[in-house]
file structure.cif (mmCIF, C-alpha atoms and all ligand atoms)
data_my_file
loop_
_atom_site.label_atom_id
_atom_site.label_comp_id
_atom_site.auth_asym_id
_atom_site.auth_seq_id
_atom_site.Cartn_x
_atom_site.Cartn_y
_atom_site.Cartn_z
CA MET A 1 35.62 -3.28 22.90
CA THR A 2 37.03 -4.93 19.78
CA LYS A 3 35.84 -4.02 16.31
CA THR A 4 33.90 -7.27 16.06
CA ALA A 5 31.89 -6.65 19.25
CA LEU A 6 28.23 -6.44 18.36
CA ALA A 7 26.76 -2.94 18.44
CA ILE A 8 23.98 -4.25 20.69
CA HIS A 9 26.76 -4.91 23.24
CA GLY A 10 28.34 -1.50 22.75
CA GLY A 11 30.57 -2.29 19.74
CA GLU A 12 30.99 -0.18 16.62
CA LYS A 13 28.10 -0.23 14.12
CA ALA A 14 28.64 -2.12 10.86
CA VAL A 15 26.39 0.34 8.97
CA LYS A 16 27.31 3.97 9.49
CA THR A 17 25.12 5.65 6.87
CA THR A 18 21.60 6.83 7.65
CA PHE A 19 18.81 6.74 5.08
CA PRO A 20 16.40 9.69 4.96
CA TRP A 21 12.82 9.42 3.71
CA PRO A 22 10.98 11.22 2.16
CA ILE A 23 13.43 12.74 -0.33
CA TYR A 24 12.73 16.24 -1.67
CA ASP A 25 14.48 19.39 -2.81
CA GLU A 26 13.73 23.07 -3.33
CA GLN A 27 11.69 22.29 -6.45
CA ASP A 28 9.20 20.30 -4.37
CA VAL A 29 9.06 23.09 -1.81
CA GLN A 30 8.59 25.70 -4.56
CA ALA A 31 5.76 23.76 -6.23
CA VAL A 32 3.86 23.50 -2.95
CA ALA A 33 4.63 27.14 -2.03
CA ASP A 34 3.34 28.35 -5.41
CA LEU A 35 0.14 26.39 -4.88
CA VAL A 36 -0.28 27.80 -1.37
CA ARG A 37 0.11 31.34 -2.74
CA SER A 38 -2.43 30.65 -5.50
CA GLY A 39 -5.07 29.91 -2.87
CA GLN A 40 -6.41 27.04 -5.03
CA TRP A 41 -6.01 24.42 -2.32
CA GLY A 42 -9.26 22.59 -2.73
CA ASN A 43 -10.39 20.23 -5.42
CA PRO A 44 -14.13 20.66 -5.95
CA ASP A 45 -14.22 19.44 -9.56
CA CYS A 46 -11.17 17.09 -9.71
CA ALA A 47 -9.50 19.43 -12.20
CA GLY A 48 -6.25 21.44 -12.21
CA ALA A 49 -3.20 19.86 -10.57
CA VAL A 50 -5.20 16.79 -9.50
CA ALA A 51 -6.31 16.02 -13.06
CA ASP A 52 -2.75 16.70 -14.29
CA PHE A 53 -1.27 14.22 -11.84
CA GLU A 54 -3.91 11.61 -12.65
CA GLN A 55 -3.01 11.89 -16.34
CA GLN A 56 0.71 11.66 -15.58
CA PHE A 57 0.21 8.59 -13.39
CA ALA A 58 -2.07 6.83 -15.89
CA ARG A 59 0.46 7.45 -18.66
CA TYR A 60 3.30 6.30 -16.40
CA CYS A 61 1.48 3.03 -15.65
CA GLY A 62 0.30 2.48 -19.21
CA SER A 63 -3.36 2.42 -18.18
CA LYS A 64 -6.25 4.40 -19.63
CA TYR A 65 -7.47 6.02 -16.40
CA ALA A 66 -6.19 6.99 -12.95
CA ILE A 67 -8.54 8.12 -10.17
CA SER A 68 -7.00 9.71 -7.10
CA CYS A 69 -8.55 9.37 -3.64
CA VAL A 70 -7.71 9.92 0.01
CA ASN A 71 -5.68 6.74 0.59
CA GLY A 72 -4.77 3.26 -0.59
CA SER A 73 -7.55 1.64 1.46
CA VAL A 74 -10.32 3.70 -0.14
CA SER A 75 -8.83 3.00 -3.59
CA LEU A 76 -9.19 -0.76 -2.93
CA ARG A 77 -12.72 -0.19 -1.66
CA LEU A 78 -13.73 1.82 -4.75
CA ALA A 79 -12.35 -0.94 -6.99
CA LEU A 80 -14.26 -3.65 -5.09
CA ILE A 81 -17.56 -1.76 -5.28
CA ALA A 82 -17.06 -1.02 -8.98
CA CYS A 83 -16.39 -4.73 -9.61
CA GLY A 84 -19.99 -5.33 -8.52
CA VAL A 85 -19.54 -7.28 -5.28
CA ARG A 86 -22.72 -7.97 -3.28
CA PRO A 87 -23.06 -8.67 0.47
CA GLY A 88 -21.83 -12.19 1.24
CA ASP A 89 -19.64 -12.49 -1.85
CA GLU A 90 -16.19 -13.96 -1.26
CA VAL A 91 -12.95 -12.17 -2.04
CA ILE A 92 -9.64 -14.02 -2.07
CA VAL A 93 -6.79 -12.23 -0.26
CA PRO A 94 -3.38 -13.21 1.10
CA PRO A 95 -2.92 -13.32 4.91
CA TYR A 96 0.57 -11.77 4.71
CA THR A 97 -0.19 -8.10 3.96
CA PHE A 98 -1.34 -4.84 5.54
CA ILE A 99 -4.79 -5.03 7.17
CA ALA A 100 -6.47 -2.85 4.51
CA THR A 101 -6.28 -5.60 1.86
CA ALA A 102 -8.69 -7.69 3.95
CA SER A 103 -10.55 -5.07 6.01
CA VAL A 104 -11.91 -3.26 2.93
CA VAL A 105 -13.60 -6.56 2.05
CA LEU A 106 -15.43 -6.45 5.40
CA GLU A 107 -16.30 -2.79 4.80
CA VAL A 108 -18.23 -3.71 1.66
CA ASN A 109 -20.00 -6.51 3.57
CA CYS A 110 -18.14 -9.29 1.79
CA VAL A 111 -16.16 -12.25 3.12
CA PRO A 112 -12.34 -12.25 3.02
CA VAL A 113 -11.07 -15.73 2.15
CA PHE A 114 -7.42 -16.15 3.12
CA VAL A 115 -5.24 -18.15 0.76
CA ASP A 116 -1.68 -19.02 1.71
CA ILE A 117 1.46 -17.55 0.16
CA GLN A 118 4.35 -19.23 -1.66
CA PRO A 119 7.35 -19.98 0.56
CA ASP A 120 9.86 -18.50 -1.91
CA THR A 121 8.01 -15.25 -2.85
CA TYR A 122 5.54 -14.56 0.01
CA ASN A 123 2.93 -13.82 -2.69
CA LEU A 124 -0.44 -15.55 -3.21
CA ASP A 125 0.03 -19.19 -4.21
CA PRO A 126 -1.90 -19.72 -7.47
CA THR A 127 -2.37 -23.45 -6.83
CA ALA A 128 -4.04 -22.66 -3.48
CA ILE A 129 -6.28 -20.00 -5.07
CA GLU A 130 -8.00 -22.52 -7.29
CA ALA A 131 -8.85 -24.74 -4.32
CA ALA A 132 -10.46 -21.80 -2.44
CA ILE A 133 -12.86 -20.77 -5.21
CA THR A 134 -16.58 -21.34 -4.55
CA GLU A 135 -19.73 -20.20 -6.37
CA ARG A 136 -19.67 -17.08 -4.15
CA THR A 137 -16.14 -15.99 -5.15
CA LYS A 138 -16.14 -12.72 -7.11
CA VAL A 139 -12.72 -11.10 -6.84
CA ILE A 140 -9.06 -11.99 -6.26
CA ILE A 141 -6.82 -9.32 -4.68
CA PRO A 142 -3.20 -10.29 -5.32
CA VAL A 143 -0.76 -8.11 -3.35
CA HIS A 144 2.64 -7.52 -4.96
CA PHE A 145 4.11 -7.85 -1.51
CA ALA A 146 7.30 -5.84 -0.89
CA GLY A 147 7.02 -4.88 -4.58
CA LEU A 148 7.78 -8.40 -5.83
CA PRO A 149 5.39 -9.12 -8.73
CA CYS A 150 2.82 -11.89 -8.21
CA ASP A 151 2.54 -14.70 -10.75
CA MET A 152 0.02 -12.66 -12.75
CA ASP A 153 -0.14 -15.03 -15.73
CA ALA A 154 -1.34 -17.85 -13.47
CA ILE A 155 -3.70 -15.60 -11.50
CA LEU A 156 -5.29 -14.07 -14.63
CA ASP A 157 -5.70 -17.53 -16.10
CA ILE A 158 -7.59 -18.72 -12.99
CA ALA A 159 -9.69 -15.54 -12.98
CA ARG A 160 -10.62 -15.98 -16.67
CA ARG A 161 -11.64 -19.61 -16.19
CA HIS A 162 -13.82 -18.81 -13.15
CA ASN A 163 -15.14 -15.44 -14.34
CA LEU A 164 -13.55 -13.49 -11.48
CA ARG A 165 -12.27 -9.90 -11.33
CA VAL A 166 -8.66 -9.18 -10.33
CA ILE A 167 -7.75 -6.08 -8.29
CA GLU A 168 -3.99 -5.70 -7.86
CA ASP A 169 -2.99 -4.25 -4.50
CA ALA A 170 0.07 -2.35 -5.72
CA ALA A 171 0.56 -0.29 -2.54
CA HIS A 172 4.16 -1.58 -2.40
CA ALA A 173 4.72 -1.64 -6.11
CA HIS A 174 4.87 1.84 -7.73
CA GLY A 175 7.15 1.60 -10.76
CA GLY A 176 7.52 -2.19 -10.60
CA GLU A 177 7.16 -4.25 -13.78
CA TYR A 178 6.06 -7.76 -14.73
CA ARG A 179 6.88 -8.93 -18.27
CA GLY A 180 7.22 -5.35 -19.50
CA ARG A 181 3.97 -4.09 -17.92
CA LYS A 182 3.70 -1.79 -14.93
CA LEU A 183 2.31 -3.44 -11.81
CA GLY A 184 -1.27 -2.30 -11.19
CA SER A 185 -2.04 -2.13 -14.92
CA ILE A 186 -2.37 -5.89 -15.45
CA GLY A 187 -5.63 -6.83 -13.66
CA ASP A 188 -9.06 -5.18 -13.95
CA ALA A 189 -7.90 -2.42 -11.58
CA GLY A 190 -4.75 -1.56 -9.64
CA SER A 191 -4.64 0.19 -6.27
CA PHE A 192 -1.81 2.41 -4.95
CA SER A 193 -1.11 4.17 -1.66
CA PHE A 194 0.84 7.43 -1.23
CA GLN A 195 1.06 7.06 2.56
CA SER A 196 4.29 8.35 4.08
CA SER A 197 6.23 5.05 4.06
CA LYS A 198 5.41 4.17 0.43
CA ASN A 199 7.78 4.45 -2.56
CA LEU A 200 5.80 7.42 -3.93
CA THR A 201 4.32 9.64 -1.24
CA SER A 202 2.53 12.87 -0.39
CA GLY A 203 2.12 11.96 3.29
CA GLU A 204 -1.29 10.39 2.59
CA GLY A 205 -3.16 9.65 -0.63
CA GLY A 206 -4.27 6.87 -2.95
CA MET A 207 -4.91 6.05 -6.59
CA VAL A 208 -6.76 3.41 -8.52
CA ILE A 209 -5.94 2.76 -12.18
CA THR A 210 -7.95 0.91 -14.80
CA SER A 211 -8.42 0.65 -18.54
CA ASP A 212 -12.07 -0.45 -18.19
CA ASP A 213 -14.53 2.34 -19.11
CA ASP A 214 -17.30 1.06 -16.83
CA LEU A 215 -15.06 0.63 -13.79
CA TYR A 216 -13.68 4.11 -14.43
CA ARG A 217 -17.10 5.77 -14.56
CA THR A 218 -18.24 4.12 -11.33
CA MET A 219 -15.04 4.76 -9.36
CA ASN A 220 -14.75 8.34 -10.58
CA SER A 221 -18.30 9.11 -9.52
CA MET A 222 -18.06 7.31 -6.17
CA ARG A 223 -15.00 9.25 -5.03
CA ASN A 224 -16.74 12.54 -5.91
CA VAL A 225 -20.04 12.29 -3.95
CA GLY A 226 -21.78 10.49 -6.81
CA ARG A 227 -21.33 13.25 -9.38
CA LEU A 228 -20.64 12.33 -12.99
CA PRO A 229 -17.50 13.56 -14.79
CA GLY A 230 -18.51 16.75 -16.61
CA GLY A 231 -21.84 16.77 -14.78
CA GLN A 232 -23.49 19.46 -12.67
CA TRP A 233 -22.40 20.32 -9.11
CA TYR A 234 -25.79 19.47 -7.57
CA ASP A 235 -26.50 16.33 -9.64
CA HIS A 236 -25.64 13.14 -7.71
CA PHE A 237 -26.22 9.81 -9.45
CA ASN A 238 -24.41 7.29 -7.26
CA PRO A 239 -24.10 6.61 -3.50
CA GLY A 240 -20.59 8.06 -3.30
CA CYS A 241 -18.62 10.05 -0.75
CA ASN A 242 -16.03 12.82 -0.75
CA TYR A 243 -12.79 10.89 -1.18
CA ARG A 244 -10.94 13.67 -3.08
CA ILE A 245 -7.29 14.58 -2.48
CA THR A 246 -6.13 18.21 -2.27
CA GLN A 247 -4.25 20.16 -4.95
CA LEU A 248 -1.37 20.36 -2.43
CA GLN A 249 -0.98 16.58 -2.52
CA ALA A 250 -1.24 16.53 -6.30
CA VAL A 251 1.54 19.07 -6.95
CA LEU A 252 3.83 17.29 -4.51
CA LEU A 253 3.10 13.93 -6.15
CA SER A 254 3.81 15.37 -9.61
CA GLU A 255 7.24 16.47 -8.38
CA GLN A 256 7.88 13.15 -6.62
CA LEU A 257 6.86 11.14 -9.70
CA LYS A 258 9.83 12.66 -11.58
CA ARG A 259 12.15 10.77 -9.21
CA LEU A 260 10.35 7.42 -9.23
CA ASP A 261 12.06 5.76 -12.22
CA GLU A 262 15.56 6.57 -11.00
CA GLN A 263 14.77 5.49 -7.43
CA THR A 264 13.20 2.25 -8.70
CA ARG A 265 16.26 1.54 -10.87
CA ILE A 266 18.59 2.05 -7.89
CA ARG A 267 16.57 -0.18 -5.55
CA ASN A 268 16.23 -2.90 -8.19
CA GLU A 269 19.99 -2.92 -8.87
CA ASN A 270 20.87 -2.81 -5.19
CA GLY A 271 18.49 -5.72 -4.57
CA LEU A 272 20.19 -7.84 -7.22
CA TYR A 273 23.59 -6.94 -5.79
CA LEU A 274 22.53 -7.73 -2.22
CA ASP A 275 21.11 -11.08 -3.45
CA SER A 276 24.57 -11.89 -4.82
CA LEU A 277 26.30 -10.85 -1.58
CA LEU A 278 23.98 -12.97 0.59
CA ALA A 279 24.08 -16.00 -1.72
CA ASP A 280 26.91 -17.57 0.27
CA VAL A 281 25.70 -16.67 3.79
CA ALA A 282 24.36 -19.88 5.37
CA GLY A 283 20.87 -19.48 6.81
CA ILE A 284 19.99 -16.38 4.76
CA THR A 285 17.79 -16.84 1.68
CA PRO A 286 16.51 -13.77 -0.17
CA LEU A 287 13.02 -14.14 -1.64
CA SER A 288 13.25 -15.39 -5.19
CA ARG A 289 12.68 -13.08 -8.12
CA VAL A 290 10.53 -15.40 -10.23
CA GLY A 291 11.55 -15.08 -13.87
CA GLU A 292 13.89 -12.54 -15.39
CA GLU A 293 11.34 -10.15 -16.84
CA LEU A 294 10.63 -8.04 -13.82
CA ILE A 295 11.60 -4.79 -12.14
CA HIS A 296 11.40 -5.09 -8.37
CA PRO A 297 10.89 -1.70 -6.67
CA TYR A 298 11.78 -3.17 -3.25
CA HIS A 299 9.35 -1.42 -0.97
CA LEU A 300 10.95 -4.04 1.27
CA TYR A 301 13.98 -6.23 0.71
CA ILE A 302 12.96 -9.50 2.36
CA PHE A 303 15.14 -12.45 3.23
CA ARG A 304 14.34 -15.70 5.02
CA TYR A 305 16.19 -16.37 8.26
CA ASP A 306 17.12 -19.85 9.48
CA LYS A 307 18.02 -19.76 13.16
CA ALA A 308 19.74 -23.17 12.90
CA LYS A 309 22.61 -21.34 11.20
CA PHE A 310 22.62 -18.58 13.86
CA GLY A 311 23.06 -20.55 17.07
CA GLN A 312 19.26 -21.03 17.48
CA VAL A 313 18.77 -17.32 18.21
CA SER A 314 15.16 -16.27 17.54
CA LYS A 315 14.34 -14.05 14.58
CA GLN A 316 13.26 -11.26 16.92
CA GLU A 317 16.60 -11.27 18.77
CA PHE A 318 18.52 -11.49 15.49
CA VAL A 319 16.63 -8.47 14.10
CA ALA A 320 17.33 -6.49 17.29
CA MET A 321 21.05 -7.20 16.79
CA LEU A 322 20.93 -6.21 13.11
CA ALA A 323 19.01 -3.02 13.87
CA ALA A 324 21.61 -2.11 16.50
CA GLU A 325 24.25 -2.53 13.76
CA GLY A 326 22.52 0.37 11.95
CA LEU A 327 20.55 -1.64 9.37
CA PRO A 328 16.99 -0.24 8.98
CA CYS A 329 15.12 -3.53 9.38
CA SER A 330 12.19 -5.22 11.08
CA ALA A 331 10.87 -8.69 11.91
CA GLY A 332 7.65 -7.71 10.09
CA TYR A 333 4.17 -8.90 11.02
CA PRO A 334 4.11 -11.07 14.17
CA HIS A 335 1.17 -13.14 12.88
CA PRO A 336 -1.02 -13.44 9.76
CA LEU A 337 -4.04 -11.17 9.30
CA TYR A 338 -6.66 -13.79 10.20
CA LYS A 339 -5.27 -13.81 13.77
CA GLN A 340 -6.34 -10.18 14.21
CA PRO A 341 -9.14 -9.61 16.76
CA VAL A 342 -11.41 -8.24 14.03
CA PHE A 343 -11.48 -11.71 12.40
CA GLN A 344 -11.13 -13.90 15.50
CA GLN A 345 -13.83 -12.07 17.45
CA LYS A 346 -16.18 -11.00 14.62
CA ASN A 347 -17.94 -8.29 16.63
CA TRP A 348 -21.30 -6.66 15.82
CA LEU A 349 -19.80 -4.54 13.06
CA CYS A 350 -19.06 -7.74 11.10
CA TYR A 351 -22.79 -8.45 10.78
CA ALA A 352 -22.48 -9.36 7.11
CA LEU A 353 -20.20 -12.34 7.79
CA PRO A 354 -22.25 -15.57 7.70
CA ASP A 355 -22.20 -17.71 10.87
CA THR A 356 -20.50 -20.45 8.85
CA VAL A 357 -17.39 -18.28 8.54
CA ASP A 358 -15.06 -18.94 11.48
CA TYR A 359 -11.54 -17.56 11.19
CA LYS A 360 -10.45 -19.66 14.19
CA ASN A 361 -10.33 -22.56 11.71
CA VAL A 362 -8.10 -20.79 9.20
CA SER A 363 -4.53 -21.99 8.90
CA CYS A 364 -1.96 -20.73 6.39
CA PRO A 365 1.25 -22.46 7.52
CA VAL A 366 3.59 -20.66 5.12
CA ALA A 367 2.38 -17.22 6.26
CA GLU A 368 2.56 -18.28 9.91
CA TYR A 369 6.13 -19.50 9.58
CA ALA A 370 7.12 -16.32 7.71
CA CYS A 371 5.73 -14.27 10.61
CA THR A 372 7.10 -16.22 13.54
CA ASP A 373 10.44 -17.55 12.32
CA GLU A 374 11.54 -16.50 8.91
CA ALA A 375 10.83 -13.10 7.36
CA VAL A 376 13.22 -10.19 7.85
CA TRP A 377 12.45 -6.87 6.18
CA ILE A 378 14.92 -4.16 5.13
CA PHE A 379 13.12 -0.87 4.46
CA GLN A 380 12.99 0.75 1.01
CA GLN A 381 14.91 3.91 1.88
CA ALA A 382 17.92 1.74 2.80
CA MET A 383 17.75 0.19 -0.70
CA LEU A 384 18.38 3.70 -2.12
CA GLY A 385 21.89 3.57 -0.64
CA SER A 386 25.19 3.02 -2.46
CA ARG A 387 26.85 -0.27 -3.37
CA SER A 388 29.12 0.11 -0.36
CA ASP A 389 26.01 0.46 1.81
CA MET A 390 24.86 -2.93 0.46
CA ASP A 391 28.33 -4.30 1.31
CA ALA A 392 27.85 -2.94 4.83
CA PHE A 393 24.41 -4.62 5.13
CA ALA A 394 25.93 -7.99 4.19
CA ASP A 395 28.85 -7.34 6.58
CA ALA A 396 26.39 -6.61 9.41
CA ILE A 397 24.65 -9.95 8.83
CA ARG A 398 27.96 -11.85 8.66
CA LYS A 399 29.19 -10.06 11.78
CA VAL A 400 26.11 -11.11 13.79
CA GLN A 401 26.43 -14.68 12.50
CA HIS A 402 30.08 -14.82 13.43
CA ALA A 403 29.35 -13.57 16.95
CA LEU A 404 26.56 -16.13 17.43
CA ILE A 405 28.37 -19.27 16.23
CA LYS A 406 31.97 -18.55 17.29
C1 LIG A 501 -0.25 0.82 2.78
C2 LIG A 501 -1.03 -0.29 2.24
C3 LIG A 501 -2.40 -0.19 1.89
C4 LIG A 501 -3.28 0.96 2.27
O1 LIG A 501 -2.79 2.17 2.13
P1 LIG A 501 -3.26 3.44 3.00
O2 LIG A 501 -2.92 4.55 2.08
O3 LIG A 501 -2.43 3.42 4.25
O4 LIG A 501 -4.71 3.34 3.26
C5 LIG A 501 -3.02 -1.25 1.28
N1 LIG A 501 -2.35 -2.38 1.02
C6 LIG A 501 -1.07 -2.55 1.35
C7 LIG A 501 -0.39 -3.84 1.01
C8 LIG A 501 -0.37 -1.52 1.99
O5 LIG A 501 0.90 -1.72 2.35
#

call {"tool": "encode", "arguments": {"input": "structure.cif", "output": "structure tokens", "more": "lines below"}}
Ligand SMILES: *Cc1c(COP(=O)(O)O)cnc(C)c1O
result
Amino acid sequence: MTKTALAIHGGEKAVKTTFPWPIYDEQDVQAVADLVRSGQWGNPDCAGAVADFEQQFARYCGSKYAISCVNGSVSLRLALIACGVRPGDEVIVPPYTFIATASVVLEVNCVPVFVDIQPDTYNLDPTAIEAAITERTKVIIPVHFAGLPCDMDAILDIARRHNLRVIEDAAHAHGGEYRGRKLGSIGDAGSFSFQSSKNLTSGEGGMVITSDDDLYRTMNSMRNVGRLPGGQWYDHFNPGCNYRITQLQAVLLSEQLKRLDEQTRIRNENGLYLDSLLADVAGITPLSRVGEELIHPYHLYIFRYDKAKFGQVSKQEFVAMLAAEGLPCSAGYPHPLYKQPVFQQKNWLCYALPDTVDYKNVSCPVAEYACTDEAVWIFQQAMLGSRSDMDAFADAIRKVQHALIK
């Protein structure tokens, strides 16, 4: 085998480094061990290490409040309920995101309305949002997909003019910034996930941030079985549930938060460098970083693939070749969210969806093309590598291209 033989055919890999995730050291282990020995594992009154981490995270994001909860789906759900949605209200979501962004809308008996994404950012297209607004629309949920900030100025302007609430789904966006503000702190509320793949993790967990006193009071109470902050143990004022995290998660998150700025800086710089390396590779177009004033935490580094420049090889085959070269990558979602059985079939659990809503009629061509033909994802832990790792990623792509068009 020559050096240029593709790894998928038994050749040498272009990328030889591996990229561990999560990252931790003895200090993380010690913090959790100390907590285990203290016996204070539970979190009956949202105090102690949980309250400490909430304060740290709120300060970090520049928001007034942070409310932890079991995951980044429940945090979205709490924010929706607190925004005052009623059964049958419409909530605008992108179709190119994790299921939770849309399924929490169903869970609160509202109607997800899918609005297409922009071809160069894969984020909600503000011009399409305006066209989807009806008198039933109550909330917009922009997702900072991959960590790339949405066009928040345009989205907030639309929301203001139509009297809508904005909940940022920042599950990919811990530490990211838009015009000097942390993502998640710009809309009425911002939702984060600490699930194991995310840029800040404790295995599972979630957080919702806000600077709105009323939203805070409602969300805080709802995640703690309807109790009021500072209230009595047996006094329940709201129809809430137990969505509390454990002290074990909180101490681990406090340790992990110390690393977030440095990790975000590294990913952001590596992303810019990889953009420059791929600029002259025909058929590869990284998503565009709209404007200069942003920090991209690269939960994913996404580029657009054009098979015409790769001998007409499908995206799925191309990604299999790249993965074999040692690049931690994926072809991403195979189809947009509205193609999921839950929307196409609308079973008895979707009783709150009006008969007039038929997701078989939904078409978001940009999202569909991203899924089937275009989007390639590189995972965040790979973006924590060195500059020479980024060189190796670009080499892997060039190597595959060379093999396919020689
Ligand atoms: C991970 C994720 C969520 C939900 O997070 P969980 O903690 O897994 O419930 C929501 N939105 C997006 C975009 C996500 O990627």

call {"tool": "closest_atom_pairs", "arguments": {"input": "structure.cif", "of": "chain A", "to": "ligand LIG 501 (chain A)", "cutoff": "10 Å", "atoms": "all atoms listed in the file", "output": "tab-separated table"}}
result
residue	atom	partner	partner_atom	distance
A:Cys69	CA	A:LIG501	O2	9.4
A:Val70	CA	A:LIG501	O2	7.5
A:Asn71	CA	A:LIG501	O2	3.8
A:Gly72	CA	A:LIG501	O2	3.5
A:Ser73	CA	A:LIG501	O4	3.8
A:Val74	CA	A:LIG501	O4	6.6
A:Ser75	CA	A:LIG501	O4	8.0
A:Leu76	CA	A:LIG501	C5	7.5
A:Pro94	CA	A:LIG501	C7	9.8
A:Tyr96	CA	A:LIG501	C7	8.8
A:Thr97	CA	A:LIG501	C7	5.2
A:Phe98	CA	A:LIG501	C7	4.7
A:Ile99	CA	A:LIG501	N1	7.1
A:Ala100	CA	A:LIG501	C5	5.0
A:Thr101	CA	A:LIG501	N1	5.1
A:Ala102	CA	A:LIG501	N1	8.8
A:Ser103	CA	A:LIG501	C5	9.7
A:Val104	CA	A:LIG501	C5	9.3
A:Pro142	CA	A:LIG501	C7	9.5
A:Val143	CA	A:LIG501	C7	6.1
A:His144	CA	A:LIG501	C7	7.6
A:Phe145	CA	A:LIG501	C7	6.5
A:Ala146	CA	A:LIG501	C7	8.2
A:Gly147	CA	A:LIG501	C7	9.3
A:Glu168	CA	A:LIG501	N1	9.6
A:Asp169	CA	A:LIG501	N1	5.9
A:Ala170	CA	A:LIG501	C7	6.9
A:Ala171	CA	A:LIG501	C6	4.8
A:His172	CA	A:LIG501	O5	5.8
A:Ala173	CA	A:LIG501	C7	9.0
A:Ser191	CA	A:LIG501	C5	7.9
A:Phe192	CA	A:LIG501	O1	7.2
A:Ser193	CA	A:LIG501	O2	4.2
A:Phe194	CA	A:LIG501	O2	5.8
A:Gln195	CA	A:LIG501	O2	4.7
A:Ser196	CA	A:LIG501	O3	8.3
A:Ser197	CA	A:LIG501	C1	7.8
A:Lys198	CA	A:LIG501	C1	7.0
A:Thr201	CA	A:LIG501	O2	9.5
A:Gly203	CA	A:LIG501	O2	9.0
A:Glu204	CA	A:LIG501	O2	6.1
A:Gly205	CA	A:LIG501	O2	5.8
A:Gly206	CA	A:LIG501	O2	5.7
A:Met207	CA	A:LIG501	O2	9.0
A:His299	CA	A:LIG501	O5	9.1

call {"tool": "closest_residue", "arguments": {"input": "structure.cif", "among": "A:Ile266, A:Ile117, A:Ile8, A:Met222", "to": "Glu317 in chain A", "atoms": "all atoms listed in the file"}}
result
A:Ile8

call {"tool": "closest_residue", "arguments": {"input": "structure.cif", "among": "A:Asp52, A:Ile167, A:Cys371, A:Asp389", "to": "Ser314 in chain A", "atoms": "only C-alpha atoms"}}
result
A:Cys371

call {"tool": "closest_atom_pairs", "arguments": {"input": "structure.cif", "of": "range 84-137 of chain A", "to": "range 150-155 of chain A", "cutoff": "10 Å", "atoms": "only C-alpha atoms", "output": "CSV"}}
result
residue,atom,partner,partner_atom,distance
A:Gln118,CA,A:Cys150,CA,10.0
A:Thr121,CA,A:Cys150,CA,8.2
A:Tyr122,CA,A:Cys150,CA,9.1
A:Asn123,CA,A:Cys150,CA,5.8
A:Leu124,CA,A:Cys150,CA,7.0
A:Asp125,CA,A:Asp151,CA,8.3
A:Pro126,CA,A:Ile155,CA,6.0
A:Thr127,CA,A:Ala154,CA,8.7
A:Ile129,CA,A:Ile155,CA,8.2
A:Glu130,CA,A:Ile155,CA,9.2

call {"tool": "closest_residue", "arguments": {"input": "structure.cif", "among": "A:Ala367, A:Met383, A:Leu80, A:Ile133", "to": "Thr18 in chain A", "atoms": "all atoms listed in the file"}}
result
A:Met383

call {"tool": "atom_distance", "arguments": {"input": "structure.cif", "atom1": "CA of Gln256 in chain A", "atom2": "CA of His174 in chain A"}}
result
11.8 Å

call {"tool": "closest_residue", "arguments": {"input": "structure.cif", "among": "A:Thr264, A:Ser63, A:Asn224, A:Gln380", "to": "Thr210 in chain A", "atoms": "all atoms listed in the file"}}
result
A:Ser63

call {"tool": "closest_residue", "arguments": {"input": "structure.cif", "among": "A:Glu368, A:Val400, A:Pro297, A:Asn242", "to": "Arg265 in chain A", "atoms": "all atoms listed in the file"}}
result
A:Pro297

call {"tool": "closest_residue", "arguments": {"input": "structure.cif", "among": "A:Asp391, A:Asp275, A:Asp89, A:Glu374", "to": "Val319 in chain A", "atoms": "all atoms listed in the file"}}
result
A:Glu374

call {"tool": "residues_around", "arguments": {"input": "structure.cif", "residues": "Asn361 in chain A", "least_positions_apart": "6", "cutoff": "12 Å", "atoms": "all atoms listed in the file", "output": "list of chain:residue names"}}
result
A:Val113, A:Phe114, A:Tyr338, A:Lys339, A:Phe343, A:Gln344

call {"tool": "atom_distance", "arguments": {"input": "structure.cif", "atom1": "CA of Ile302 in chain A", "atom2": "CA of Met390 in chain A"}}
result
13.7 Å

call {"tool": "residues_around", "arguments": {"input": "structure.cif", "residues": "range 35-37 of chain A", "least_positions_apart": "5", "cutoff": "8 Å", "atoms": "all atoms listed in the file", "output": "ChimeraX atom specification"}}
result
/A:247-248,251

call {"tool": "write_last_selection", "arguments": {"input": "structure.cif", "atoms": "C-alpha atoms", "output": "PDB file, in the frame of the given file"}}
result
ATOM      1  CA  GLN A 247      -4.250  20.160  -4.950  1.00  0.00           C
ATOM      2  CA  LEU A 248      -1.370  20.360  -2.430  1.00  0.00           C
ATOM      3  CA  VAL A 251       1.540  19.070  -6.950  1.00  0.00           C
TER       4      VAL A 251
END

call {"tool": "residues_around", "arguments": {"input": "structure.cif", "residues": "Gln345 in chain A", "least_positions_apart": "5", "cutoff": "10 Å", "atoms": "only C-alpha atoms", "output": "list in words"}}
result
Lys339, Gln340, Cys350, Asp358, Tyr359 and Lys360 of chain A

call {"tool": "atom_distance", "arguments": {"input": "structure.cif", "atom1": "CA of Pro112 in chain A", "atom2": "CA of Val91 in chain A"}}
result
5.1 Å

call {"tool": "residues_around", "arguments": {"input": "structure.cif", "residues": "Cys241 in chain A", "least_positions_apart": "2", "cutoff": "9 Å", "atoms": "all atoms listed in the file", "output": "list in words"}}
result
Ser221, Met222, Arg223, Asn224, Val225, Gly226, Pro239, Tyr243 and Arg244 of chain A

call {"tool": "residues_around", "arguments": {"input": "structure.cif", "residues": "Gly230 in chain A", "least_positions_apart": "5", "cutoff": "12 Å", "atoms": "only C-alpha atoms", "output": "PyMOL selection string"}}
result
chain A and resi 45-47+217+220-221+224+235-236
